[in-house]
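The file coords.pdb contains PDB, C-alpha atoms:
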ATOM      1  CA  MET A   1     247.724  66.074 227.381  1.00  0.00           C
ATOM      2  CA  LEU A   2     245.843  66.241 230.679  1.00  0.00           C
ATOM      3  CA  PHE A   3     247.783  67.518 233.677  1.00  0.00           C
ATOM      4  CA  PHE A   4     247.868  69.855 236.648  1.00  0.00           C
ATOM      5  CA  SER A   5     250.552  72.489 236.398  1.00  0.00           C
ATOM      6  CA  ASP A   6     252.190  73.201 239.743  1.00  0.00           C
ATOM      7  CA  LYS A   7     254.591  75.908 238.531  1.00  0.00           C
ATOM      8  CA  PRO A   8     253.186  79.372 237.740  1.00  0.00           C
ATOM      9  CA  THR A   9     256.062  80.089 235.357  1.00  0.00           C
ATOM     10  CA  GLU A  10     255.648  76.870 233.368  1.00  0.00           C
ATOM     11  CA  ILE A  11     255.304  77.349 229.625  1.00  0.00           C
ATOM     12  CA  VAL A  12     252.467  75.187 228.330  1.00  0.00           C
ATOM     13  CA  LYS A  13     252.706  74.629 224.593  1.00  0.00           C
ATOM     14  CA  ASN A  14     249.560  75.711 222.681  1.00  0.00           C
ATOM     15  CA  ARG A  15     247.829  77.033 225.819  1.00  0.00           C
ATOM     16  CA  ALA A  16     245.077  79.497 224.914  1.00  0.00           C
ATOM     17  CA  SER A  17     244.780  82.751 226.815  1.00  0.00           C
ATOM     18  CA  GLY A  18     241.402  83.800 228.165  1.00  0.00           C
ATOM     19  CA  TYR A  19     239.753  87.092 227.304  1.00  0.00           C
ATOM     20  CA  SER A  20     236.993  89.186 228.851  1.00  0.00           C
ATOM     21  CA  LYS A  21     235.414  92.468 227.828  1.00  0.00           C
ATOM     22  CA  ASN A  22     236.127  95.496 230.016  1.00  0.00           C
ATOM     23  CA  GLU A  23     233.708  98.327 230.845  1.00  0.00           C
ATOM     24  CA  ASP A  24     234.340  99.882 227.401  1.00  0.00           C
ATOM     25  CA  GLY A  25     233.480  96.634 225.594  1.00  0.00           C
ATOM     26  CA  LYS A  26     237.118  96.054 224.574  1.00  0.00           C
ATOM     27  CA  TYR A  27     238.811  92.702 225.065  1.00  0.00           C
ATOM     28  CA  VAL A  28     241.468  92.363 227.738  1.00  0.00           C
ATOM     29  CA  THR A  29     243.572  89.379 228.738  1.00  0.00           C
ATOM     30  CA  SER A  30     242.184  87.875 231.926  1.00  0.00           C
ATOM     31  CA  MET A  31     245.013  87.293 234.395  1.00  0.00           C
ATOM     32  CA  THR A  32     245.640  86.706 238.094  1.00  0.00           C
ATOM     33  CA  ASN A  33     248.545  86.373 240.467  1.00  0.00           C
ATOM     34  CA  LEU A  34     246.755  83.519 242.237  1.00  0.00           C
ATOM     35  CA  PHE A  35     247.991  80.035 241.425  1.00  0.00           C
ATOM     36  CA  TRP A  36     247.021  76.608 242.670  1.00  0.00           C
ATOM     37  CA  VAL A  37     246.748  73.022 241.601  1.00  0.00           C
ATOM     38  CA  GLY A  38     243.190  71.746 241.372  1.00  0.00           C
ATOM     39  CA  ASP A  39     240.105  73.749 240.551  1.00  0.00           C
ATOM     40  CA  GLY A  40     241.174  76.135 237.802  1.00  0.00           C
ATOM     41  CA  GLY A  41     244.600  74.520 237.473  1.00  0.00           C
ATOM     42  CA  LEU A  42     243.705  71.609 235.193  1.00  0.00           C
ATOM     43  CA  HIS A  43     245.115  71.749 231.675  1.00  0.00           C
ATOM     44  CA  THR A  44     243.500  69.585 229.008  1.00  0.00           C
ATOM     45  CA  ASN A  45     242.427  69.568 225.371  1.00  0.00           C
ATOM     46  CA  ILE A  46     239.557  68.305 223.236  1.00  0.00           C
ATOM     47  CA  GLU A  47     241.347  65.057 222.346  1.00  0.00           C
ATOM     48  CA  ASP A  48     241.850  64.086 225.983  1.00  0.00           C
ATOM     49  CA  MET A  49     238.286  65.008 226.871  1.00  0.00           C
ATOM     50  CA  ALA A  50     237.135  62.731 224.028  1.00  0.00           C
ATOM     51  CA  LYS A  51     239.199  59.917 225.612  1.00  0.00           C
ATOM     52  CA  TRP A  52     237.546  60.703 228.957  1.00  0.00           C
ATOM     53  CA  ASP A  53     234.125  60.435 227.331  1.00  0.00           C
ATOM     54  CA  ALA A  54     234.969  57.165 225.539  1.00  0.00           C
ATOM     55  CA  TYR A  55     236.050  55.607 228.845  1.00  0.00           C
ATOM     56  CA  PHE A  56     232.453  55.663 230.119  1.00  0.00           C
ATOM     57  CA  TYR A  57     231.468  53.227 227.363  1.00  0.00           C
ATOM     58  CA  ASN A  58     234.508  50.965 227.657  1.00  0.00           C
ATOM     59  CA  PRO A  59     236.059  51.155 231.147  1.00  0.00           C
ATOM     60  CA  THR A  60     239.495  49.575 231.561  1.00  0.00           C
ATOM     61  CA  LEU A  61     240.871  50.996 234.828  1.00  0.00           C
ATOM     62  CA  GLY A  62     241.451  48.702 237.814  1.00  0.00           C
ATOM     63  CA  LYS A  63     240.865  45.009 238.425  1.00  0.00           C
ATOM     64  CA  LYS A  64     237.074  45.394 238.100  1.00  0.00           C
ATOM     65  CA  PRO A  65     236.653  48.345 235.721  1.00  0.00           C
ATOM     66  CA  LYS A  66     232.864  48.202 235.385  1.00  0.00           C
ATOM     67  CA  GLU A  67     232.376  48.075 239.171  1.00  0.00           C
ATOM     68  CA  LEU A  68     234.798  50.971 239.621  1.00  0.00           C
ATOM     69  CA  LEU A  69     232.901  53.014 237.025  1.00  0.00           C
ATOM     70  CA  LEU A  70     229.570  52.295 238.767  1.00  0.00           C
ATOM     71  CA  GLN A  71     231.092  53.516 242.025  1.00  0.00           C
ATOM     72  CA  PHE A  72     232.404  56.646 240.285  1.00  0.00           C
ATOM     73  CA  MET A  73     228.924  57.390 238.902  1.00  0.00           C
ATOM     74  CA  ARG A  74     227.255  57.026 242.330  1.00  0.00           C
ATOM     75  CA  PRO A  75     226.400  60.412 243.869  1.00  0.00           C
ATOM     76  CA  ASN A  76     228.783  60.904 246.763  1.00  0.00           C
ATOM     77  CA  ASN A  77     227.020  63.652 248.658  1.00  0.00           C
ATOM     78  CA  ALA A  78     223.248  63.818 248.771  1.00  0.00           C
ATOM     79  CA  GLU A  79     223.459  67.369 250.153  1.00  0.00           C
ATOM     80  CA  ILE A  80     225.074  68.729 246.975  1.00  0.00           C
ATOM     81  CA  THR A  81     222.178  69.050 244.615  1.00  0.00           C
ATOM     82  CA  MET A  82     221.325  71.715 242.087  1.00  0.00           C
ATOM     83  CA  GLU A  83     217.970  71.828 240.331  1.00  0.00           C
ATOM     84  CA  SER A  84     217.252  68.154 241.143  1.00  0.00           C
ATOM     85  CA  GLN A  85     220.693  67.070 239.971  1.00  0.00           C
ATOM     86  CA  LYS A  86     223.094  65.003 242.014  1.00  0.00           C
ATOM     87  CA  TYR A  87     226.852  65.434 242.239  1.00  0.00           C
ATOM     88  CA  ALA A  88     229.111  62.438 241.709  1.00  0.00           C
ATOM     89  CA  ASN A  89     232.883  62.832 241.686  1.00  0.00           C
ATOM     90  CA  GLY A  90     233.200  65.991 239.624  1.00  0.00           C
ATOM     91  CA  GLN A  91     230.057  65.637 237.555  1.00  0.00           C
ATOM     92  CA  PHE A  92     226.437  66.639 237.856  1.00  0.00           C
ATOM     93  CA  ILE A  93     223.883  63.962 236.994  1.00  0.00           C
ATOM     94  CA  GLY A  94     220.333  64.946 236.120  1.00  0.00           C
ATOM     95  CA  GLU A  95     217.543  64.408 233.616  1.00  0.00           C
ATOM     96  CA  LYS A  96     216.313  66.424 230.684  1.00  0.00           C
ATOM     97  CA  GLY A  97     213.807  65.361 228.062  1.00  0.00           C
ATOM     98  CA  GLY A  98     213.594  61.866 229.527  1.00  0.00           C
ATOM     99  CA  PHE A  99     217.353  61.261 229.253  1.00  0.00           C
ATOM    100  CA  THR A 100     220.137  61.206 231.812  1.00  0.00           C
ATOM    101  CA  ILE A 101     222.553  64.100 231.332  1.00  0.00           C
ATOM    102  CA  VAL A 102     225.986  63.998 232.959  1.00  0.00           C
ATOM    103  CA  HIS A 103     227.819  67.303 232.821  1.00  0.00           C
ATOM    104  CA  HIS A 104     230.142  69.851 234.333  1.00  0.00           C
ATOM    105  CA  SER A 105     231.009  73.372 233.347  1.00  0.00           C
ATOM    106  CA  GLY A 106     233.237  76.085 234.664  1.00  0.00           C
ATOM    107  CA  GLY A 107     235.429  79.000 233.880  1.00  0.00           C
ATOM    108  CA  TRP A 108     238.584  80.702 234.990  1.00  0.00           C
ATOM    109  CA  LEU A 109     240.575  83.671 233.745  1.00  0.00           C
ATOM    110  CA  GLY A 110     238.553  84.452 230.648  1.00  0.00           C
ATOM    111  CA  THR A 111     237.824  80.845 229.707  1.00  0.00           C
ATOM    112  CA  ILE A 112     234.571  78.877 229.786  1.00  0.00           C
ATOM    113  CA  THR A 113     234.245  75.108 229.471  1.00  0.00           C
ATOM    114  CA  ASN A 114     231.410  72.608 229.299  1.00  0.00           C
ATOM    115  CA  TYR A 115     231.274  68.827 229.020  1.00  0.00           C
ATOM    116  CA  GLU A 116     227.952  67.064 228.581  1.00  0.00           C
ATOM    117  CA  ARG A 117     227.184  63.379 228.058  1.00  0.00           C
ATOM    118  CA  ILE A 118     223.862  61.652 227.375  1.00  0.00           C
ATOM    119  CA  PRO A 119     224.726  57.969 227.870  1.00  0.00           C
ATOM    120  CA  GLU A 120     221.511  56.563 226.348  1.00  0.00           C
ATOM    121  CA  LYS A 121     222.270  58.383 223.081  1.00  0.00           C
ATOM    122  CA  LYS A 122     226.050  57.932 223.219  1.00  0.00           C
ATOM    123  CA  TYR A 123     226.153  61.687 222.732  1.00  0.00           C
ATOM    124  CA  ALA A 124     228.734  64.083 224.120  1.00  0.00           C
ATOM    125  CA  SER A 125     229.625  67.700 223.593  1.00  0.00           C
ATOM    126  CA  ILE A 126     232.893  69.252 224.682  1.00  0.00           C
ATOM    127  CA  VAL A 127     233.078  73.029 224.429  1.00  0.00           C
ATOM    128  CA  PHE A 128     236.114  75.138 225.314  1.00  0.00           C
ATOM    129  CA  CYS A 129     235.975  78.886 224.808  1.00  0.00           C
ATOM    130  CA  ASN A 130     238.441  81.634 225.636  1.00  0.00           C
ATOM    131  CA  ASP A 131     235.948  84.507 225.323  1.00  0.00           C
ATOM    132  CA  THR A 132     233.681  85.035 228.318  1.00  0.00           C
ATOM    133  CA  SER A 133     231.235  87.120 226.273  1.00  0.00           C
ATOM    134  CA  ILE A 134     230.003  83.938 224.541  1.00  0.00           C
ATOM    135  CA  ASP A 135     226.839  82.379 225.995  1.00  0.00           C
ATOM    136  CA  ILE A 136     228.211  78.846 226.332  1.00  0.00           C
ATOM    137  CA  ALA A 137     224.898  77.454 227.666  1.00  0.00           C
ATOM    138  CA  LYS A 138     223.245  78.578 224.426  1.00  0.00           C
ATOM    139  CA  VAL A 139     226.012  76.934 222.373  1.00  0.00           C
ATOM    140  CA  VAL A 140     225.676  73.639 224.299  1.00  0.00           C
ATOM    141  CA  LYS A 141     221.882  73.653 223.989  1.00  0.00           C
ATOM    142  CA  GLY A 142     222.179  74.408 220.257  1.00  0.00           C
ATOM    143  CA  LEU A 143     224.622  71.529 219.729  1.00  0.00           C
ATOM    144  CA  ARG A 144     222.330  69.128 221.574  1.00  0.00           C
ATOM    145  CA  LYS A 145     219.323  70.233 219.513  1.00  0.00           C
ATOM    146  CA  LEU A 146     221.266  70.039 216.238  1.00  0.00           C
ATOM    147  CA  VAL A 147     222.668  66.553 216.855  1.00  0.00           C
ATOM    148  CA  LEU A 148     219.726  64.931 218.597  1.00  0.00           C
TER     149      LEU A 148
END
Can you give me the file's structure in the form of C-alpha coordinates?
Amino acid sequence: MLFFSDKPTEIVKNRASGYSKNEDGKYVTSMTNLFWVGDGGLHTNIEDMAKWDAYFYNPTLGKKPKELLLQFMRPNNAEITMESQKYANGQFIGEKGGFTIVHHSGGWLGTITNYERIPEKKYASIVFCNDTSIDIAKVVKGLRKLVL
(Lines of atoms letter the chains of each structure in order from A and count residues from 1; the text may use other names and numbers.)
(Lines give C-alpha, C1' and ligand atoms only; values in the text may rest on other atoms or scores of the structure.)
Protein backbone atom coordinates (compact mmCIF):
# COMPACT_ATOMS: atom_id res chain seq x y z
CA MET A 1 0.00 0.00 0.00
CA LEU A 2 1.68 3.18 -1.23
CA PHE A 3 0.37 6.45 0.18
CA PHE A 4 1.18 9.78 1.76
CA SER A 5 -0.14 10.13 5.27
CA ASP A 6 -1.43 13.63 5.98
CA LYS A 7 -2.44 13.03 9.61
CA PRO A 8 0.31 12.79 12.26
CA THR A 9 -1.94 10.72 14.52
CA GLU A 10 -2.85 8.18 11.84
CA ILE A 11 -2.23 4.56 12.80
CA VAL A 12 -0.52 2.77 9.92
CA LYS A 13 -0.86 -0.99 10.20
CA ASN A 14 2.50 -2.84 10.20
CA ARG A 15 4.53 0.40 10.09
CA ALA A 16 8.09 -0.20 11.30
CA SER A 17 9.67 2.23 13.74
CA GLY A 18 13.13 3.57 13.02
CA TYR A 19 16.03 3.22 15.42
CA SER A 20 19.37 4.97 15.86
CA LYS A 21 22.20 4.46 18.31
CA ASN A 22 22.76 7.18 20.91
CA GLU A 23 26.12 8.37 22.28
CA ASP A 24 26.29 5.29 24.55
CA GLY A 25 25.77 2.90 21.62
CA LYS A 26 22.25 1.98 22.80
CA TYR A 27 19.30 1.96 20.43
CA VAL A 28 16.67 4.66 20.76
CA THR A 29 13.48 5.22 18.79
CA SER A 30 14.02 8.02 16.30
CA MET A 31 11.14 10.49 16.52
CA THR A 32 10.22 14.05 15.59
CA ASN A 33 7.37 16.47 16.07
CA LEU A 34 7.75 17.62 12.46
CA PHE A 35 5.19 16.27 10.02
CA TRP A 36 4.60 16.85 6.34
CA VAL A 37 3.38 15.15 3.22
CA GLY A 38 6.09 14.53 0.64
CA ASP A 39 9.75 13.92 1.29
CA GLY A 40 9.85 11.69 4.36
CA GLY A 41 6.08 11.25 4.41
CA LEU A 42 5.74 8.45 1.85
CA HIS A 43 4.62 5.09 3.20
CA THR A 44 5.26 2.01 1.08
CA ASN A 45 6.33 -1.63 1.27
CA ILE A 46 8.47 -4.09 -0.67
CA GLU A 47 5.51 -5.45 -2.65
CA ASP A 48 4.54 -2.02 -3.97
CA MET A 49 8.14 -1.16 -4.79
CA ALA A 50 8.31 -4.41 -6.78
CA LYS A 51 5.21 -3.24 -8.72
CA TRP A 52 6.95 0.10 -9.31
CA ASP A 53 9.99 -1.72 -10.68
CA ALA A 54 7.90 -4.01 -12.92
CA TYR A 55 6.18 -0.98 -14.45
CA PHE A 56 9.43 0.10 -16.13
CA TYR A 57 9.38 -3.08 -18.21
CA ASN A 58 5.67 -3.04 -19.02
CA PRO A 59 4.24 0.50 -18.83
CA THR A 60 0.45 0.80 -18.88
CA LEU A 61 -0.30 4.33 -17.63
CA GLY A 62 -1.87 6.89 -19.97
CA LYS A 63 -2.90 6.82 -23.62
CA LYS A 64 0.71 6.38 -24.80
CA PRO A 65 2.39 4.53 -21.91
CA LYS A 66 5.78 3.99 -23.56
CA GLU A 67 6.06 7.66 -24.56
CA LEU A 68 5.06 8.74 -21.05
CA LEU A 69 7.71 6.45 -19.55
CA LEU A 70 10.39 7.87 -21.89
CA GLN A 71 9.42 11.36 -20.76
CA PHE A 72 9.59 10.27 -17.11
CA MET A 73 13.10 8.87 -17.64
CA ARG A 74 14.37 12.09 -19.28
CA PRO A 75 16.51 14.15 -16.90
CA ASN A 76 14.47 17.21 -15.99
CA ASN A 77 17.17 19.46 -14.62
CA ALA A 78 20.66 19.42 -16.06
CA GLU A 79 21.91 21.41 -13.06
CA ILE A 80 21.11 18.60 -10.60
CA THR A 81 23.94 16.20 -11.09
CA MET A 82 25.90 14.14 -8.62
CA GLU A 83 29.05 12.26 -9.60
CA SER A 84 28.14 12.38 -13.32
CA GLN A 85 24.59 11.21 -12.64
CA LYS A 86 21.49 12.97 -13.85
CA TYR A 87 18.25 13.46 -11.94
CA ALA A 88 14.96 12.52 -13.57
CA ASN A 89 11.70 12.76 -11.65
CA GLY A 90 12.80 11.30 -8.33
CA GLN A 91 15.56 9.05 -9.58
CA PHE A 92 19.26 9.34 -10.25
CA ILE A 93 20.48 7.89 -13.54
CA GLY A 94 24.14 7.03 -13.99
CA GLU A 95 26.52 4.34 -15.18
CA LYS A 96 28.57 1.75 -13.36
CA GLY A 97 30.47 -1.14 -14.88
CA GLY A 98 29.16 -0.33 -18.35
CA PHE A 99 25.50 -0.52 -17.27
CA THR A 100 22.88 2.13 -16.62
CA ILE A 101 21.91 2.28 -12.95
CA VAL A 102 18.71 4.04 -11.91
CA HIS A 103 18.43 4.57 -8.17
CA HIS A 104 17.34 6.62 -5.21
CA SER A 105 18.06 6.32 -1.53
CA GLY A 106 17.13 8.20 1.58
CA GLY A 107 16.38 8.05 5.23
CA TRP A 108 14.20 9.60 7.86
CA LEU A 109 13.67 8.99 11.56
CA GLY A 110 15.92 5.98 11.97
CA THR A 111 15.10 4.39 8.62
CA ILE A 112 17.23 3.96 5.50
CA THR A 113 15.96 2.97 2.06
CA ASN A 114 17.49 2.22 -1.32
CA TYR A 115 16.04 1.28 -4.69
CA GLU A 116 18.33 0.37 -7.57
CA ARG A 117 17.50 -0.83 -11.08
CA ILE A 118 19.81 -1.97 -13.88
CA PRO A 119 17.47 -2.09 -16.89
CA GLU A 120 19.85 -3.99 -19.20
CA LYS A 121 20.01 -6.85 -16.68
CA LYS A 122 16.39 -6.60 -15.53
CA TYR A 123 17.88 -6.42 -12.05
CA ALA A 124 16.50 -4.50 -9.09
CA SER A 125 17.22 -4.34 -5.40
CA ILE A 126 14.87 -2.83 -2.86
CA VAL A 127 16.29 -2.41 0.63
CA PHE A 128 14.39 -1.02 3.62
CA CYS A 129 16.10 -0.86 6.99
CA ASN A 130 14.99 0.56 10.31
CA ASP A 131 18.46 0.63 11.89
CA THR A 132 20.65 3.55 10.88
CA SER A 133 23.81 1.79 12.09
CA ILE A 134 23.64 -0.54 9.05
CA ASP A 135 25.82 0.46 6.08
CA ILE A 136 23.09 0.24 3.44
CA ALA A 137 25.47 1.14 0.58
CA LYS A 138 27.54 -1.93 1.48
CA VAL A 139 24.40 -4.10 1.54
CA VAL A 140 23.27 -2.80 -1.88
CA LYS A 141 26.73 -3.29 -3.40
CA GLY A 142 26.88 -6.81 -1.93
CA LEU A 143 23.48 -7.71 -3.38
CA ARG A 144 24.50 -6.44 -6.81
CA LYS A 145 27.75 -8.42 -6.70
CA LEU A 146 26.00 -11.58 -5.47
CA VAL A 147 23.25 -11.51 -8.11
CA LEU A 148 25.19 -10.23 -11.09
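If you count only C-alpha atoms and ignore residues fewer than 6 places along the chain from region 120-137 of chain A, what sits within 6 Å of it is Gly18, Tyr19, Ser20, Gly110, Thr111, Ile112, Thr113 and Asn114 of chain A.
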- The distance between CA of Gly90 (chain A) and CA of His104 (chain A) is 7.2 Å
- Message: I'd like to see the residues matched by the PyMOL selection byres ((chain A and resi 73) around 12) on this file, and ideally I'd get them as a list of chain:residue names.
- Response: A:Phe56, A:Lys66, A:Glu67, A:Leu68, A:Leu69, A:Leu70, A:Gln71, A:Phe72, A:Arg74, A:Pro75, A:Asn76, A:Asn77, A:Lys86, A:Tyr87, A:Ala88, A:Asn89, A:Gly90, A:Gln91, A:Phe92, A:Ile93, A:Gly94, A:Thr100, A:Ile101, A:Val102, A:His103, A:Pro119
- Nearest-residue call for Val12 (chain A), choices A:His43, A:Lys63, A:Lys51, A:Arg117, using all atoms listed in the file: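 Among A:His43, A:Lys63, A:Lys51, A:Arg117, it is A:His43 that comes nearest to Val12 (chain A).
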With all atoms of region 110-124 of chain A from the file as input, state the centre and edge lengths in Å to one decimal of the axis-aligned box that has 5 Å extra on each side, as AutoDock Vina command-line options.
--center_x 230.0 --center_y 70.5 --center_z 226.7 --size_x 27.0 --size_y 37.9 --size_z 17.9
- Query: What separation in Å, quoted to one decimal, exists between CA of Asp24 (chain A) and CA of Leu109 (chain A)?
  - Reply: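 Straight-line distance from CA of Asp24 (chain A) to CA of Leu109 (chain A) works out to 18.5 Å.
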- CA of Lys26 (chain A) to CA of Gly107 (chain A): how many Å, to one decimal?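 Between these atoms lies a distance of 19.5 Å.
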- Item | Nearest to Leu148 (chain A) by atom-to-atom distance, counting all atoms listed in the file, from A:Trp52, A:Tyr57, A:Phe99, A:Tyr27 |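 The answer is A:Phe99, which sits nearest to Leu148 (chain A).
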Take the PyMOL selection byres ((chain A and resi 13) around 12), apply it to the structure above, and return the hits as a PDB file with C-alpha atoms, keeping the file's coordinate frame.
ATOM      1  CA  MET A   1     247.724  66.074 227.381  1.00  0.00           C
ATOM      2  CA  GLU A  10     255.648  76.870 233.368  1.00  0.00           C
ATOM      3  CA  ILE A  11     255.304  77.349 229.625  1.00  0.00           C
ATOM      4  CA  VAL A  12     252.467  75.187 228.330  1.00  0.00           C
ATOM      5  CA  ASN A  14     249.560  75.711 222.681  1.00  0.00           C
ATOM      6  CA  ARG A  15     247.829  77.033 225.819  1.00  0.00           C
ATOM      7  CA  ALA A  16     245.077  79.497 224.914  1.00  0.00           C
ATOM      8  CA  SER A  17     244.780  82.751 226.815  1.00  0.00           C
ATOM      9  CA  HIS A  43     245.115  71.749 231.675  1.00  0.00           C
ATOM     10  CA  THR A  44     243.500  69.585 229.008  1.00  0.00           C
ATOM     11  CA  ASN A  45     242.427  69.568 225.371  1.00  0.00           C
TER      12      ASN A  45
END
